[in-house]
>>> print(open('final.csv').read())   # CSV, C-alpha atoms
chain,number,residue,atom,x,y,z
K,1,MET,CA,90.8,116.7,134.4
K,2,THR,CA,88.9,113.6,133.2
K,3,ARG,CA,88.3,112.7,129.6
K,4,LEU,CA,84.6,113.4,130.0
K,5,SER,CA,85.4,116.9,131.3
K,6,ILE,CA,87.7,117.5,128.3
K,7,VAL,CA,85.0,116.4,125.9
K,8,ILE,CA,82.4,118.5,127.6
K,9,ALA,CA,84.8,121.6,127.5
K,10,ILE,CA,85.5,121.0,123.8
K,11,LEU,CA,81.8,120.7,123.0
K,12,LEU,CA,81.0,123.8,125.1
K,13,VAL,CA,83.6,125.9,123.2
K,14,GLN,CA,82.2,124.7,119.9
K,15,PHE,CA,78.6,125.3,121.0
K,16,LEU,CA,79.3,128.9,122.2
K,17,CYS,CA,81.2,129.7,119.0
K,18,ALA,CA,78.5,128.3,116.9
K,19,VAL,CA,75.8,130.3,118.7
K,20,PHE,CA,77.9,133.5,118.3
K,21,PHE,CA,78.4,132.9,114.5
K,22,VAL,CA,74.7,132.0,113.9
K,23,TRP,CA,73.6,135.0,115.9
K,24,ASP,CA,76.0,137.2,113.9
K,25,ILE,CA,74.6,135.9,110.6
K,26,VAL,CA,71.0,135.9,111.6
K,27,SER,CA,71.2,139.5,112.9
K,28,SER,CA,72.9,140.6,109.6
K,29,VAL,CA,70.2,138.9,107.5
K,30,PHE,CA,67.3,140.4,109.4
K,31,GLY,CA,69.0,143.8,109.8
K,32,TRP,CA,68.9,143.7,113.6
K,33,GLN,CA,71.1,146.3,115.1
K,34,THR,CA,73.5,144.8,117.6
K,35,ARG,CA,76.0,146.5,119.7
K,36,PRO,CA,79.3,146.2,117.9
K,37,ILE,CA,82.0,144.3,119.7
K,38,ASN,CA,85.7,145.0,119.8
K,39,TRP,CA,87.4,143.6,116.7
K,40,GLN,CA,90.0,142.0,119.0
K,41,PHE,CA,87.3,140.2,120.9
K,42,GLN,CA,85.8,139.1,117.5
K,43,GLU,CA,89.2,137.7,116.5
K,44,PHE,CA,89.5,135.9,119.8
K,45,ILE,CA,86.1,134.3,119.3
K,46,GLU,CA,87.0,133.2,115.7
K,47,ILE,CA,90.3,131.7,117.0
K,48,GLY,CA,88.4,129.9,119.7
K,49,ALA,CA,86.0,128.6,117.1
K,50,ALA,CA,88.8,127.4,114.9
K,51,VAL,CA,90.5,125.7,117.8
K,52,GLY,CA,87.2,124.2,118.9
K,53,LEU,CA,86.6,122.8,115.4
K,54,ILE,CA,90.1,121.3,115.3
K,55,LEU,CA,89.7,119.8,118.7
K,56,GLY,CA,86.3,118.4,117.7
K,57,LEU,CA,87.9,116.9,114.6
K,58,LEU,CA,90.7,115.3,116.6
K,59,LEU,CA,88.2,114.0,119.2
K,60,GLY,CA,86.0,112.6,116.4
K,61,ALA,CA,89.1,110.9,114.8
K,62,MET,CA,90.1,109.4,118.2
K,63,VAL,CA,86.6,108.1,118.8
K,64,LEU,CA,86.4,106.6,115.3
K,65,TYR,CA,89.8,104.9,115.8
K,66,ARG,CA,88.6,103.4,119.1
K,67,VAL,CA,85.4,102.2,117.6
K,68,ILE,CA,87.3,100.6,114.7
K,69,GLN,CA,89.7,98.9,117.2
K,70,GLU,CA,86.8,97.6,119.3
K,71,ARG,CA,85.0,96.3,116.2
K,72,ASN,CA,88.1,94.5,115.0
K,73,LEU,CA,88.5,92.9,118.5
K,74,ALA,CA,84.9,91.8,118.4
K,75,ALA,CA,85.2,90.4,114.9
K,76,GLU,CA,88.4,88.5,116.0
K,77,GLY,CA,86.6,87.2,119.1
K,78,LEU,CA,83.7,86.1,117.0
K,79,ARG,CA,86.0,84.4,114.5
K,80,ARG,CA,87.7,82.5,117.3
K,81,ALA,CA,84.4,81.5,118.9
K,82,SER,CA,83.2,80.3,115.5
K,83,SER,CA,86.4,78.3,115.0
K,84,ALA,CA,86.1,76.9,118.6
K,85,PHE,CA,82.5,76.0,118.0
K,86,MET,CA,83.3,74.1,114.8
K,87,VAL,CA,86.1,72.2,116.6
K,88,ILE,CA,83.8,71.2,119.4
K,89,LEU,CA,81.1,70.1,116.9
K,90,GLU,CA,83.6,67.9,115.1
K,91,GLU,CA,84.9,66.4,118.3
K,92,ARG,CA,81.4,65.6,119.5
K,93,PHE,CA,80.3,64.2,116.2
K,94,ALA,CA,83.4,61.9,116.1
K,95,GLU,CA,82.8,60.9,119.7
K,96,TRP,CA,79.2,60.0,119.0
K,97,GLY,CA,80.2,58.1,115.8
K,98,LEU,CA,77.9,60.1,113.5
K,99,THR,CA,77.8,59.3,109.8
K,100,ALA,CA,78.5,62.0,107.3
K,101,ALA,CA,74.7,62.4,106.6
K,102,GLU,CA,74.0,62.6,110.3
K,103,ARG,CA,76.7,65.2,110.7
K,104,ASP,CA,75.0,67.4,108.0
K,105,VAL,CA,71.6,66.9,109.6
K,106,ALA,CA,73.0,67.7,113.1
K,107,LEU,CA,74.6,70.9,111.8
K,108,PHE,CA,71.3,72.0,110.1
K,109,ALA,CA,69.4,71.1,113.3
K,110,ILE,CA,71.8,73.1,115.4
K,111,LYS,CA,71.4,76.1,113.0
K,112,GLY,CA,67.6,75.9,113.7
K,113,LEU,CA,66.4,74.6,110.4
K,114,SER,CA,63.1,72.6,110.3
K,115,ILE,CA,62.9,69.0,109.3
K,116,ALA,CA,61.3,70.1,106.0
K,117,GLU,CA,64.0,72.6,105.3
K,118,VAL,CA,66.8,70.0,106.0
K,119,ALA,CA,65.0,67.5,103.7
K,120,LYS,CA,64.8,70.0,101.0
K,121,LEU,CA,68.5,71.1,101.3
K,122,ARG,CA,69.6,67.5,101.4
K,123,SER,CA,67.3,66.4,98.6
K,124,THR,CA,65.8,63.6,100.8
K,125,SER,CA,62.5,62.8,102.4
K,126,GLU,CA,61.3,64.2,105.7
K,127,GLY,CA,61.1,60.7,107.1
K,128,THR,CA,64.8,60.1,106.4
K,129,VAL,CA,65.7,63.4,108.2
K,130,LYS,CA,63.5,62.4,111.1
K,131,ALA,CA,65.2,59.0,111.4
K,132,GLN,CA,68.6,60.7,111.2
K,133,THR,CA,67.7,63.3,113.9
K,134,ASN,CA,66.4,60.5,116.1
K,135,ALA,CA,69.7,58.6,115.6
K,136,ILE,CA,71.7,61.8,116.4
K,137,TYR,CA,69.7,62.4,119.6
K,138,ARG,CA,70.1,58.7,120.7
K,139,LYS,CA,73.9,58.8,120.0
K,140,ALA,CA,74.3,62.1,121.8
K,141,GLY,CA,72.2,60.9,124.8
K,142,VAL,CA,69.6,63.7,124.5
K,143,THR,CA,65.9,63.9,123.8
K,144,GLY,CA,65.7,66.8,121.4
K,145,ARG,CA,67.2,69.7,119.7
K,146,PRO,CA,67.3,72.1,122.7
K,147,GLN,CA,69.3,69.5,124.7
K,148,LEU,CA,71.6,68.9,121.8
K,149,LEU,CA,72.4,72.6,121.5
K,150,SER,CA,72.9,72.9,125.2
K,151,LEU,CA,75.7,70.3,125.1
K,152,PHE,CA,77.6,72.6,122.7
K,153,ILE,CA,76.9,75.7,124.7
K,154,GLU,CA,78.2,74.0,127.9
K,155,ASP,CA,81.4,73.0,126.0
K,156,LEU,CA,81.9,76.6,124.8
K,157,MET,CA,81.4,77.9,128.3
K,158,GLY,CA,84.0,75.6,129.6
K,159,GLY,CA,81.7,73.2,131.4
K,160,SER,CA,81.4,69.5,130.9
K,161,SER,CA,78.3,67.6,130.2
>>> encode(input="final.csv", output="structure tokens")
Amino acid sequence: MTRLSIVIAILLVQFLCAVFFVWDIVSSVFGWQTRPINWQFQEFIEIGAAVGLILGLLLGAMVLYRVIQERNLAAEGLRRASSAFMVILEERFAEWGLTAAERDVALFAIKGLSIAEVAKLRSTSEGTVKAQTNAIYRKAGVTGRPQLLSLFIEDLMGGSS
């Protein structure tokens, strides 16, 4: 029996028991006469419902545990990728001989900030930032921000530029 079959069986048991209990309550509230069922069968249904609820609880706990594990793995992968990206950035910046100011501007450019935003963050003029970005592109051997970013993406993907 596959896991999906087990999950479907558990959900089916829970559904049938829920329908039985809801019908029992609704018929009592509205005074509908229903054919009485054997008390042993009633107990069997209640036991089934209890077992179904317990199985549903266990299944929910297992799913929650797996989701938490997968989230933790994804977070670790993201942390590693982020660390690797910073290492690649520093290596490239050193290789190109960027100044400290150019490194800051390059980081902001890679993050997608505009020249005006970079100038404001660095408390400098837009003209200075433009000159620094041009120096960065020249040292990196690219013509603009998209090509600069693609160099790092290639490095992360294991290619060489």
>>> atom_distance(input="final.csv", atom1="atom CA of Gly52 of chain K", atom2="atom CA of Ile10 of chain K")
6.1 Å
>>> closest_residue(input="final.csv", among="K:Phe30, K:Cys17, K:Val87, K:Tyr65", to="Phe44 of chain K", atoms="all atoms listed in the file")
K:Cys17
>>> closest_atom_pairs(input="final.csv", of="segment 13-118 of chain K", to="segment 148-155 of chain K", cutoff="9 Å", atoms="only C-alpha atoms", output="tab-separated table")
residue	atom	partner	partner_atom	distance
K:Phe85	CA	K:Phe152	CA	7.6
K:Ile88	CA	K:Phe152	CA	7.2
K:Leu89	CA	K:Phe152	CA	7.2
K:Arg92	CA	K:Phe152	CA	8.6
K:Ala106	CA	K:Leu148	CA	8.9
K:Ala109	CA	K:Leu149	CA	8.9
K:Ile110	CA	K:Leu149	CA	6.1
>>> atom_distance(input="final.csv", atom1="atom CA of Glu91 of chain K", atom2="atom CA of Pro146 of chain K")
19.0 Å
>>> closest_residue(input="final.csv", among="K:Ile136, K:Arg80, K:Met62, K:Thr128", to="Leu107 of chain K", atoms="all atoms listed in the file")
K:Ile136
>>> closest_atom_pairs(input="final.csv", of="segment 17-114 of chain K", to="segment 129-133 of chain K", cutoff="12 Å", atoms="only C-alpha atoms", output="CSV")
residue,atom,partner,partner_atom,distance
K:Leu98,CA,K:Gln132,CA,9.6
K:Thr99,CA,K:Gln132,CA,9.4
K:Ala100,CA,K:Gln132,CA,10.7
K:Ala101,CA,K:Gln132,CA,7.8
K:Glu102,CA,K:Gln132,CA,5.8
K:Arg103,CA,K:Gln132,CA,9.3
K:Asp104,CA,K:Gln132,CA,9.8
K:Val105,CA,K:Thr133,CA,6.8
K:Ala106,CA,K:Thr133,CA,6.9
K:Leu107,CA,K:Thr133,CA,10.5
K:Phe108,CA,K:Thr133,CA,10.2
K:Ala109,CA,K:Thr133,CA,8.0
K:Ile110,CA,K:Thr133,CA,10.7
K:Leu113,CA,K:Val129,CA,11.4
K:Ser114,CA,K:Val129,CA,9.8
>>> atom_distance(input="final.csv", atom1="atom CA of Val7 of chain K", atom2="atom CA of Leu59 of chain K")
7.8 Å
>>> closest_residue(input="final.csv", among="K:Val118, K:Glu90, K:Arg145, K:Arg3", to="Val63 of chain K", atoms="only C-alpha atoms")
K:Arg3
>>> closest_residue(input="final.csv", among="K:Ala81, K:Ile115, K:Ile37, K:Ile54", to="Gly127 of chain K", atoms="all atoms listed in the file")
K:Ile115
>>> closest_residue(input="final.csv", among="K:Ala94, K:Leu57, K:Ala49, K:Ala140", to="Phe20 of chain K", atoms="all atoms listed in the file")
K:Ala49
